[in-house]
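Shown below: protein25.cif, with mmCIF, C-alpha atoms (C1' of nucleotides).
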```cif
data_data
#
loop_
_atom_site.label_atom_id
_atom_site.label_comp_id
_atom_site.auth_asym_id
_atom_site.auth_seq_id
_atom_site.Cartn_x
_atom_site.Cartn_y
_atom_site.Cartn_z
CA MET A 17 -0.61 -19.77 44.99
CA MET A 18 3.13 -20.15 44.63
CA GLU A 19 5.87 -19.65 47.18
CA LYS A 20 6.22 -15.98 47.94
CA CYS A 21 9.25 -13.98 48.73
CA PRO A 22 9.08 -13.52 52.48
CA ASN A 23 10.22 -9.92 52.30
CA SER A 24 7.85 -8.70 49.68
CA LYS A 25 4.56 -9.13 47.97
CA MET A 26 6.35 -9.96 44.75
CA PRO A 27 7.20 -13.58 44.07
CA ARG A 28 10.92 -13.97 43.57
CA GLU A 29 10.40 -16.41 40.79
CA LEU A 30 7.52 -16.83 38.43
CA SER A 31 5.73 -19.97 37.39
CA VAL A 32 4.83 -20.46 33.78
CA GLY A 33 1.22 -19.62 34.51
CA GLU A 34 2.19 -16.36 36.14
CA VAL A 35 4.39 -15.41 33.25
CA ALA A 36 1.58 -16.24 30.88
CA GLU A 37 -0.86 -14.08 32.76
CA ARG A 38 1.47 -11.16 33.17
CA SER A 39 2.89 -11.18 29.69
CA GLY A 40 -0.34 -11.98 27.96
CA VAL A 41 0.89 -15.02 26.06
CA ALA A 42 -0.44 -18.53 26.45
CA VAL A 43 1.39 -21.13 28.49
CA SER A 44 1.69 -23.24 25.39
CA THR A 45 3.36 -20.34 23.65
CA LEU A 46 5.95 -20.08 26.39
CA HIS A 47 6.65 -23.78 26.02
CA PHE A 48 6.92 -23.26 22.32
CA TYR A 49 9.30 -20.32 22.68
CA GLU A 50 11.43 -22.44 24.92
CA THR A 51 11.74 -25.16 22.29
CA LYS A 52 12.81 -22.44 19.86
CA GLY A 53 15.45 -21.17 22.21
CA LEU A 54 13.87 -17.77 22.63
CA ILE A 55 13.52 -18.21 26.34
CA ARG A 56 14.88 -20.60 28.91
CA SER A 57 13.72 -21.81 32.28
CA GLN A 58 15.00 -23.16 35.55
CA ARG A 59 13.16 -26.06 37.10
CA ASN A 60 12.14 -26.53 40.69
CA ARG A 61 12.53 -29.92 42.34
CA GLY A 62 9.18 -31.01 40.93
CA ASN A 63 10.39 -30.19 37.42
CA GLN A 64 8.17 -27.18 37.06
CA ARG A 65 9.43 -24.11 35.24
CA ARG A 66 10.58 -21.15 37.27
CA TYR A 67 11.51 -17.86 35.68
CA PRO A 68 13.33 -14.82 36.91
CA ARG A 69 11.31 -11.66 36.66
CA SER A 70 13.41 -10.51 33.76
CA ILE A 71 11.60 -13.04 31.61
CA LEU A 72 8.74 -10.59 31.36
CA ARG A 73 10.88 -8.06 29.64
CA ARG A 74 12.31 -10.65 27.33
CA VAL A 75 8.88 -11.79 26.31
CA ALA A 76 7.78 -8.19 25.81
CA VAL A 77 10.73 -7.62 23.53
CA ILE A 78 9.89 -10.73 21.56
CA LYS A 79 6.34 -9.49 21.12
CA VAL A 80 7.45 -6.09 19.99
CA ALA A 81 9.82 -7.58 17.47
CA GLN A 82 7.06 -9.81 16.22
CA ARG A 83 4.82 -6.85 15.73
CA THR A 84 7.37 -5.34 13.43
CA GLY A 85 7.04 -8.47 11.35
CA ILE A 86 10.33 -10.10 12.27
CA PRO A 87 10.09 -13.89 12.16
CA LEU A 88 10.78 -15.77 15.37
CA SER A 89 13.91 -17.32 13.95
CA GLU A 90 15.47 -13.91 13.49
CA ILE A 91 14.32 -12.75 16.85
CA ALA A 92 15.96 -15.83 18.28
CA ASP A 93 19.18 -14.99 16.48
CA ALA A 94 19.18 -11.46 17.77
CA LEU A 95 18.42 -12.49 21.32
CA SER A 96 20.86 -15.35 21.28
CA VAL A 97 23.82 -13.03 21.68
CA LEU A 98 22.41 -11.92 25.01
CA PRO A 99 22.65 -14.01 28.15
CA HIS A 100 19.41 -15.48 29.39
CA ASP A 101 20.25 -15.06 33.00
CA ARG A 102 20.45 -11.32 33.36
CA PRO A 103 17.86 -8.73 32.56
CA LEU A 104 18.09 -6.91 29.28
CA THR A 105 19.73 -3.58 29.75
CA ALA A 106 18.88 -0.34 28.03
CA GLU A 107 21.99 -0.84 25.96
CA ASP A 108 20.89 -4.31 24.88
CA TRP A 109 17.63 -2.81 23.85
CA ARG A 110 19.28 -0.04 21.92
CA MET A 111 21.20 -2.57 19.90
CA LEU A 112 18.24 -4.78 19.21
CA SER A 113 15.94 -1.94 18.38
CA LYS A 114 18.40 -0.36 15.99
CA THR A 115 18.17 -3.28 13.59
CA TRP A 116 14.51 -3.90 14.06
CA ARG A 117 13.68 -0.27 13.71
CA ARG A 118 15.39 -0.30 10.32
CA GLN A 119 13.38 -3.26 9.19
CA LEU A 120 10.24 -1.62 10.43
CA ASP A 121 11.08 1.48 8.43
CA ASP A 122 11.50 -0.75 5.48
CA ARG A 123 8.15 -2.37 5.84
CA ILE A 124 6.48 0.95 6.30
CA ALA A 125 8.17 2.34 3.24
CA ARG A 126 7.16 -0.63 1.16
CA LEU A 127 3.57 -0.39 2.21
CA THR A 128 3.52 3.34 1.69
CA LYS A 129 4.84 2.96 -1.80
CA LEU A 130 2.17 0.42 -2.50
CA ARG A 131 -0.43 2.80 -1.19
CA ASN A 132 0.79 5.50 -3.50
CA GLN A 133 0.62 3.13 -6.42
CA ILE A 134 -2.90 2.19 -5.54
CA ASP A 135 -3.86 5.82 -5.21
CA GLY A 136 -2.33 6.55 -8.55
CA CYS A 137 -4.38 3.75 -10.00
CA ILE A 138 -7.58 5.01 -8.49
CA GLY A 139 -6.98 8.45 -9.84
CA CYS A 140 -6.30 7.41 -13.38
CA GLY A 141 -8.69 4.51 -13.71
CA CYS A 142 -5.50 2.85 -14.65
CA LEU A 143 -6.77 -0.61 -15.06
CA SER A 144 -7.60 0.30 -18.59
CA MET A 145 -4.32 2.00 -19.25
CA GLN A 146 -0.93 0.75 -20.32
CA GLU A 147 1.02 2.68 -17.74
CA CYS A 148 -0.55 1.22 -14.67
CA PRO A 149 1.70 -0.68 -12.31
CA LEU A 150 -0.98 -3.30 -12.18
CA ARG A 151 -1.24 -3.52 -15.89
CA ASN A 152 2.03 -5.18 -16.55
CA PRO A 153 3.71 -6.07 -13.33
CA LEU A 154 6.66 -7.68 -14.96
CA ASP A 155 7.84 -4.67 -16.86
CA THR A 156 6.92 -2.20 -14.22
CA LEU A 157 8.69 -3.90 -11.45
CA ALA A 158 11.70 -4.68 -13.51
CA MET A 159 12.29 -0.95 -13.47
CA GLU A 160 11.80 -0.62 -9.78
CA GLY A 161 14.77 -2.50 -8.58
CA PRO A 162 17.32 -5.15 -9.36
CA GLY A 163 16.47 -8.64 -10.36
CA PRO A 164 13.80 -10.14 -12.53
CA ARG A 165 11.26 -9.78 -9.85
CA LEU A 166 7.59 -9.20 -10.21
CA LEU A 167 5.50 -7.67 -7.55
CA GLU A 168 8.16 -7.53 -4.92
CA PRO A 169 9.09 -10.56 -2.85
CA ASP A 170 7.20 -8.82 -0.11
CA PRO A 171 8.16 -9.74 3.35
CA ALA A 172 5.20 -7.59 4.33
CA MET B 18 3.75 -22.63 -29.20
CA MET B 19 0.04 -22.34 -28.74
CA GLU B 20 -2.63 -21.57 -31.28
CA LYS B 21 -2.38 -17.95 -32.29
CA CYS B 22 -5.07 -15.55 -33.16
CA PRO B 23 -4.89 -15.37 -36.92
CA ASN B 24 -5.36 -11.60 -36.96
CA SER B 25 -2.76 -10.69 -34.40
CA LYS B 26 0.46 -11.56 -32.75
CA MET B 27 -1.38 -11.87 -29.45
CA PRO B 28 -2.76 -15.25 -28.51
CA ARG B 29 -6.48 -14.99 -27.97
CA GLU B 30 -6.31 -17.30 -25.06
CA LEU B 31 -3.50 -18.03 -22.72
CA SER B 32 -2.22 -21.35 -21.48
CA VAL B 33 -1.37 -21.73 -17.84
CA GLY B 34 2.32 -21.53 -18.63
CA GLU B 35 1.85 -18.26 -20.45
CA VAL B 36 -0.14 -16.78 -17.64
CA ALA B 37 2.53 -17.90 -15.23
CA GLU B 38 5.26 -16.29 -17.26
CA ARG B 39 3.42 -13.06 -17.85
CA SER B 40 2.05 -12.62 -14.39
CA GLY B 41 5.12 -13.80 -12.60
CA VAL B 42 3.47 -16.49 -10.52
CA ALA B 43 4.22 -20.20 -10.70
CA VAL B 44 1.96 -22.57 -12.56
CA SER B 45 1.39 -24.40 -9.32
CA THR B 46 0.21 -21.18 -7.77
CA LEU B 47 -2.35 -20.69 -10.52
CA HIS B 48 -3.62 -24.19 -9.93
CA PHE B 49 -3.76 -23.40 -6.26
CA TYR B 50 -5.65 -20.16 -6.80
CA GLU B 51 -8.11 -22.04 -8.89
CA THR B 52 -8.82 -24.49 -6.10
CA LYS B 53 -9.42 -21.51 -3.85
CA GLY B 54 -11.85 -19.98 -6.27
CA LEU B 55 -9.75 -16.91 -6.91
CA ILE B 56 -9.51 -17.63 -10.58
CA ARG B 57 -11.27 -19.94 -12.96
CA SER B 58 -10.33 -21.55 -16.26
CA GLN B 59 -11.85 -22.88 -19.42
CA ARG B 60 -10.50 -26.13 -20.80
CA ASN B 61 -9.61 -27.00 -24.35
CA ARG B 62 -10.48 -30.38 -25.81
CA GLY B 63 -7.37 -31.89 -24.31
CA ASN B 64 -8.42 -30.68 -20.84
CA GLN B 65 -5.76 -28.02 -20.66
CA ARG B 66 -6.52 -24.70 -19.05
CA ARG B 67 -7.18 -21.71 -21.27
CA TYR B 68 -7.56 -18.24 -19.89
CA PRO B 69 -8.89 -15.03 -21.32
CA ARG B 70 -6.37 -12.20 -21.30
CA SER B 71 -8.24 -10.57 -18.47
CA ILE B 72 -6.86 -13.21 -16.15
CA LEU B 73 -3.64 -11.23 -16.07
CA ARG B 74 -5.32 -8.27 -14.53
CA ARG B 75 -7.13 -10.45 -12.07
CA VAL B 76 -3.90 -12.06 -10.97
CA ALA B 77 -2.24 -8.67 -10.72
CA VAL B 78 -5.02 -7.47 -8.47
CA ILE B 79 -4.67 -10.54 -6.31
CA LYS B 80 -0.97 -9.87 -5.94
CA VAL B 81 -1.50 -6.26 -5.03
CA ALA B 82 -4.06 -7.17 -2.42
CA GLN B 83 -1.69 -9.74 -1.02
CA ARG B 84 0.99 -7.15 -0.71
CA THR B 85 -1.28 -5.11 1.45
CA GLY B 86 -1.45 -8.10 3.75
CA ILE B 87 -4.95 -9.24 2.92
CA PRO B 88 -5.33 -13.01 3.28
CA LEU B 89 -6.33 -14.95 0.19
CA SER B 90 -9.66 -15.87 1.69
CA GLU B 91 -10.65 -12.23 1.92
CA ILE B 92 -9.33 -11.50 -1.51
CA ALA B 93 -11.47 -14.34 -2.73
CA ASP B 94 -14.49 -12.88 -1.00
CA ALA B 95 -13.92 -9.49 -2.52
CA LEU B 96 -13.36 -10.86 -5.99
CA SER B 97 -16.24 -13.28 -5.77
CA VAL B 98 -18.79 -10.55 -6.31
CA LEU B 99 -17.26 -9.91 -9.70
CA PRO B 100 -17.84 -12.16 -12.68
CA HIS B 101 -14.87 -14.19 -13.82
CA ASP B 102 -15.66 -13.86 -17.45
CA ARG B 103 -15.28 -10.19 -18.05
CA PRO B 104 -12.30 -7.99 -17.44
CA LEU B 105 -12.21 -5.95 -14.27
CA THR B 106 -13.30 -2.43 -14.99
CA ALA B 107 -11.90 0.71 -13.51
CA GLU B 108 -15.04 0.88 -11.42
CA ASP B 109 -14.50 -2.63 -10.08
CA TRP B 110 -11.03 -1.63 -9.14
CA ARG B 111 -12.20 1.50 -7.43
CA MET B 112 -14.50 -0.53 -5.25
CA LEU B 113 -11.91 -3.15 -4.40
CA SER B 114 -9.18 -0.69 -3.76
CA LYS B 115 -11.32 1.43 -1.49
CA THR B 116 -11.54 -1.30 1.12
CA TRP B 117 -8.04 -2.53 0.68
CA ARG B 118 -6.63 0.91 0.79
CA ARG B 119 -8.28 1.42 4.16
CA GLN B 120 -6.76 -1.74 5.50
CA LEU B 121 -3.41 -0.74 4.14
CA ASP B 122 -3.71 2.60 5.91
CA ASP B 123 -4.46 0.70 9.02
CA ARG B 124 -1.42 -1.46 8.78
CA ILE B 125 0.77 1.49 8.08
CA ALA B 126 -0.68 3.36 11.02
CA ARG B 127 -0.13 0.44 13.33
CA LEU B 128 3.44 0.02 12.29
CA THR B 129 4.09 3.72 12.51
CA LYS B 130 2.74 3.83 16.01
CA LEU B 131 4.94 0.95 16.93
CA ARG B 132 7.91 2.76 15.47
CA ASN B 133 7.16 5.79 17.55
CA GLN B 134 6.94 3.67 20.64
CA ILE B 135 10.24 2.09 19.87
CA ASP B 136 11.81 5.46 19.28
CA GLY B 137 10.43 6.68 22.55
CA CYS B 138 11.96 3.69 24.23
CA ILE B 139 15.31 4.28 22.68
CA GLY B 140 15.28 7.85 23.80
CA CYS B 141 14.39 7.17 27.37
CA GLY B 142 16.29 3.98 27.97
CA CYS B 143 12.89 2.90 29.02
CA LEU B 144 13.61 -0.69 29.62
CA SER B 145 14.58 0.26 33.10
CA MET B 146 11.61 2.52 33.67
CA GLN B 147 8.09 1.91 34.76
CA GLU B 148 6.45 3.99 32.07
CA CYS B 149 7.75 2.10 29.10
CA PRO B 150 5.23 0.47 26.83
CA LEU B 151 7.42 -2.58 26.89
CA ARG B 152 7.60 -2.62 30.59
CA ASN B 153 4.09 -3.70 31.27
CA PRO B 154 2.35 -4.56 28.05
CA LEU B 155 -0.88 -5.56 29.70
CA ASP B 156 -1.59 -2.24 31.33
CA THR B 157 -0.22 -0.16 28.54
CA LEU B 158 -2.18 -1.78 25.84
CA ALA B 159 -5.34 -1.89 27.82
CA MET B 160 -5.28 1.87 27.51
CA GLU B 161 -4.67 1.88 23.82
CA GLY B 162 -7.94 0.60 22.64
CA PRO B 163 -11.00 -1.41 23.46
CA GLY B 164 -10.94 -4.95 24.67
CA PRO B 165 -8.64 -6.85 26.98
CA ARG B 166 -6.04 -7.16 24.37
CA LEU B 167 -2.33 -7.26 24.86
CA LEU B 168 0.12 -6.46 22.21
CA GLU B 169 -2.39 -5.95 19.46
CA PRO B 170 -3.76 -8.84 17.46
CA ASP B 171 -1.54 -7.59 14.70
CA PRO B 172 -2.62 -8.57 11.28
CA ALA B 173 0.71 -7.12 10.22
"C1'" DA C 28 6.28 -40.44 -36.36
"C1'" DT C 29 8.31 -39.56 -32.48
"C1'" DA C 30 10.58 -37.18 -28.84
"C1'" DA C 31 10.48 -33.40 -25.82
"C1'" DA C 32 8.10 -29.92 -23.51
"C1'" DA C 33 4.05 -28.61 -21.44
"C1'" DC C 34 0.08 -30.06 -19.35
"C1'" DC C 35 -3.16 -32.90 -16.24
"C1'" DT C 36 -4.70 -34.78 -11.27
"C1'" DC C 37 -4.05 -36.01 -6.81
"C1'" DA C 38 -1.47 -36.63 -2.73
"C1'" DA C 39 1.97 -35.37 0.14
"C1'" DG C 40 5.19 -32.11 2.08
"C1'" DC C 41 6.96 -27.64 3.91
"C1'" DA C 42 7.43 -23.48 6.99
"C1'" DA C 43 5.72 -20.53 10.49
"C1'" DA C 44 3.60 -20.02 14.78
"C1'" DG C 45 1.19 -21.97 17.63
"C1'" DT C 46 -2.85 -24.93 19.85
"C1'" DT C 47 -4.92 -29.19 21.54
"C1'" DG C 48 -5.10 -33.45 23.73
"C1'" DA C 49 -3.68 -37.67 26.19
"C1'" DG C 50 -1.73 -39.50 30.04
"C1'" DG C 51 0.58 -38.54 34.13
"C1'" DT C 52 2.78 -35.60 38.21
"C1'" DC C 53 2.92 -31.82 41.62
"C1'" DA C 54 1.43 -28.52 44.94
"C1'" DA C 55 -1.69 -25.66 47.68
"C1'" DC C 56 -5.59 -25.44 50.38
"C1'" DA C 57 -9.31 -27.28 53.47
"C1'" DT D 13 -5.21 -36.52 53.54
"C1'" DG D 14 -7.52 -35.59 49.93
"C1'" DT D 15 -8.71 -33.29 45.87
"C1'" DT D 16 -8.49 -29.89 42.82
"C1'" DG D 17 -5.94 -26.89 39.80
"C1'" DA D 18 -1.56 -26.05 37.81
"C1'" DC D 19 2.11 -28.35 35.67
"C1'" DC D 20 4.82 -31.85 32.91
"C1'" DT D 21 6.02 -34.25 28.13
"C1'" DC D 22 5.23 -35.66 23.68
"C1'" DA D 23 2.73 -36.14 19.65
"C1'" DA D 24 -0.54 -34.66 16.62
"C1'" DC D 25 -3.30 -31.18 14.60
"C1'" DT D 26 -4.38 -26.25 12.62
"C1'" DT D 27 -4.00 -22.48 9.20
"C1'" DT D 28 -1.99 -20.02 5.31
"C1'" DG D 29 0.12 -20.22 1.06
"C1'" DC D 30 2.18 -22.62 -1.59
"C1'" DT D 31 5.73 -26.42 -3.78
"C1'" DT D 32 7.06 -31.07 -5.10
"C1'" DG D 33 6.46 -35.45 -6.91
"C1'" DA D 34 4.37 -39.53 -9.09
"C1'" DG D 35 2.18 -41.25 -12.84
"C1'" DG D 36 -0.09 -40.26 -17.01
"C1'" DT D 37 -1.86 -37.25 -21.31
"C1'" DT D 38 -1.48 -33.56 -24.87
"C1'" DT D 39 0.93 -30.45 -27.89
"C1'" DT D 40 4.51 -28.96 -30.53
"C1'" DA D 41 8.46 -29.40 -33.04
"C1'" DT D 42 11.53 -32.03 -36.00
#
```

Any chance you could put this one into structure tokens?
Amino acid sequence: MMEKCPNSKMPRELSVGEVAERSGVAVSTLHFYETKGLIRSQRNRGNQRRYPRSILRRVAVIKVAQRTGIPLSEIADALSVLPHDRPLTAEDWRMLSKTWRRQLDDRIARLTKLRNQIDGCIGCGCLSMQECPLRNPLDTLAMEGPGPRLLEPDPA
Amino acid sequence: MMEKCPNSKMPRELSVGEVAERSGVAVSTLHFYETKGLIRSQRNRGNQRRYPRSILRRVAVIKVAQRTGIPLSEIADALSVLPHDRPLTAEDWRMLSKTWRRQLDDRIARLTKLRNQIDGCIGCGCLSMQECPLRNPLDTLAMEGPGPRLLEPDPA
DNA sequence: ATAAAACCTCAAGCAAAGTTGAGGTCAACA
DNA sequence: TGTTGACCTCAACTTTGCTTGAGGTTTTAT
């Protein structure tokens, strides 16, 4: 299919199609990520993309970050401090995951709080009551945090 | 400002601006919701929108559902079985919240699982190991559930 | 009576995250 | 040496959830 490494069954470099297949993202998505600076590619003499195997890890990390709800632009920022040409190390990952893990906690906490509110509402039939968080979102949420904000900005 | 109910300080009907102010959404958003069938309005003789007070609850419910991550189209579906011209009852809310609560649980569970995976990865420095969920997303996620799905579809 | 604020419609624009298609090149296999 | 399948670029289109603006009417306040 592609040139193989003579000493191994593993190709030394991966074509975009191979990366797509192995990482589970579409070729067009890899192109797209490249335009966004999330990944980078070398070209062979026919101008086709060739990736080092470490691309797979990078893409996996991107996907994980996305699953936590981090927008691509932030993922790009976080990854941009790391060189494209060497594999991510465990230490790199520790740094990245520290921040993302916090944001994930945040999202979980927000959703959990919402769930509790909903449960409270179910219990009390609150829609007919003055105290319900749904009843008067403005007042209720004014008490929940800073700023004149109704029903949280919700990055969720 | 607007015609008042003669027997009360509360306006009988609300203008779009009032609804916006009280519910915390922009006027343009209310227009938008109307085009999507989420809300409906009566018009006065000058063609301006007039809402019953129950609109506030309806908008609040929409916002809550949105916070759980439900797309507007599904919110519209759920609300469409309820008449626009009477206030939501506690029973209505119980029915709506039952489904949404389940989906919220789901989201929370998904994110929590992801957090655990991340924690596992941090602990083991897994990026350099074969067993890491990040290492080979295809195989790993094939085991997680049904279907040839990589890195979950993630409605999150 | 008139000016300002609020409202109306409709069209266009924005951001995120991609996908799709047209038109053309490259490479791997028989 | 073909001929297919994989690849290339660039532009346009998609969906979701709105916002912004133009151009015009209605309400309210003075």

>> Please enumerate the residues selected by the PyMOL selection byres ((chain A) within 12 of (chain C)) when evaluated against the supplied file, formatted as a count of residues only.
In response: 25

> Which of these residues is nearest to chain B, using only C-alpha atoms: A:Leu98, A:Leu54, A:Ile71, A:Ala106?
Replying inline: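 Of the candidates, the smallest distance to chain B is held by A:Ala106.
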
> What residues come out when you apply the PyMOL selection byres ((chain B and resi 105) around 12) to this file, written as a ChimeraX atom specification?
Replying inline: /A:141-144,150-151 /B:69-79,96-104,106-113

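Relative to CA of Arg123 in chain A, C1' of DT27 in chain D is found at 23.7 Å.
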
>> Residues of chain D within 7 Å of chain B, counting all atoms listed in the file - could you list those as an NGL selection string?
In response: :D and (30 or 38 or 40)

> How many Å lie between CA of Thr85 in chain B and CA of Leu121 in chain B, rounded to one decimal?
Replying inline: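 CA of Leu121 in chain B lies at a distance of 5.6 Å from CA of Thr85 in chain B.
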
> With all atoms listed in the file as the atoms that count, which of B:Ser32, B:Ser40, B:Gln134, B:Ser58 lies nearest to chain A?
Replying inline: B:Ser40

> When the PyMOL selection byres ((chain A and resi 122) around 12) is applied to the file above, which residues end up in the set, as a ChimeraX atom specification?
Replying inline: /A:84-86,115-121,123-129,170-172 /B:125,128-129,132

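CA of Ile55 in chain A to C1' of DC22 in chain D spans 19.5 Å [interatomic distance, one decimal].
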
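Restricting the calculation to all atoms listed in the file, the smallest distance between chain B and any of A:Val32, A:Glu90, A:Arg59, A:Leu130 is found for A:Leu130.
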
> From the list B:Gly137, B:Ala95, B:Ser114, B:Gly54, which residue is nearest chain A when using only C-alpha atoms?
Replying inline: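 Looking only at the distances to chain A, the closest residue turns out to be B:Ser114.
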
> Which of these residues is nearest to DA18 in chain D, using all atoms listed in the file: A:Ala81, A:Arg56, A:Glu34, A:Asn132?
Replying inline: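 Between A:Ala81, A:Arg56, A:Glu34, A:Asn132, the residue approaching DA18 in chain D most closely is A:Glu34.
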
Box for range 76-91 of chain B - axis-aligned, 5 Å on each of the six sides, all listed atoms - centre and size in Å to one decimal, as lines of an AutoDock Vina configuration file.
```
center_x = -4.8
center_y = -10.5
center_z = -3.6
size_x = 21.6
size_y = 20.8
size_z = 24.7
```

Missing atoms of range 44-55 of chain B rebuilt to N, CA, C and O atoms, written as a tab-separated table (two decimals), in the frame of the given file:
```
chain	number	residue	atom	x	y	z
B	44	VAL	N	3.10	-21.79	-12.08
B	44	VAL	CA	1.96	-22.57	-12.56
B	44	VAL	C	1.24	-23.21	-11.38
B	44	VAL	O	0.00	-23.18	-11.30
B	45	SER	N	2.01	-23.74	-10.47
B	45	SER	CA	1.39	-24.40	-9.32
B	45	SER	C	0.54	-23.42	-8.51
B	45	SER	O	-0.47	-23.80	-7.92
B	46	THR	N	0.97	-22.20	-8.50
B	46	THR	CA	0.21	-21.18	-7.77
B	46	THR	C	-1.12	-20.90	-8.46
B	46	THR	O	-2.15	-20.72	-7.81
B	47	LEU	N	-1.09	-20.91	-9.78
B	47	LEU	CA	-2.35	-20.69	-10.52
B	47	LEU	C	-3.31	-21.85	-10.26
B	47	LEU	O	-4.50	-21.64	-10.05
B	48	HIS	N	-2.78	-23.05	-10.26
B	48	HIS	CA	-3.62	-24.19	-9.93
B	48	HIS	C	-4.21	-23.99	-8.53
B	48	HIS	O	-5.40	-24.18	-8.31
B	49	PHE	N	-3.35	-23.60	-7.64
B	49	PHE	CA	-3.76	-23.40	-6.26
B	49	PHE	C	-4.84	-22.33	-6.15
B	49	PHE	O	-5.85	-22.52	-5.47
B	50	TYR	N	-4.64	-21.23	-6.83
B	50	TYR	CA	-5.65	-20.16	-6.80
B	50	TYR	C	-6.97	-20.66	-7.35
B	50	TYR	O	-8.03	-20.27	-6.89
B	51	GLU	N	-6.88	-21.52	-8.32
B	51	GLU	CA	-8.11	-22.04	-8.89
B	51	GLU	C	-8.87	-22.87	-7.86
B	51	GLU	O	-10.09	-22.75	-7.73
B	52	THR	N	-8.14	-23.68	-7.12
B	52	THR	CA	-8.82	-24.49	-6.10
B	52	THR	C	-9.45	-23.59	-5.03
B	52	THR	O	-10.42	-23.98	-4.39
B	53	LYS	N	-8.88	-22.43	-4.84
B	53	LYS	CA	-9.42	-21.51	-3.85
B	53	LYS	C	-10.50	-20.60	-4.42
B	53	LYS	O	-11.00	-19.71	-3.72
B	54	GLY	N	-10.79	-20.79	-5.67
B	54	GLY	CA	-11.85	-19.98	-6.27
B	54	GLY	C	-11.45	-18.56	-6.63
B	54	GLY	O	-12.31	-17.74	-6.97
B	55	LEU	N	-10.18	-18.27	-6.58
B	55	LEU	CA	-9.75	-16.91	-6.91
B	55	LEU	C	-9.76	-16.68	-8.41
B	55	LEU	O	-10.00	-15.57	-8.87
```
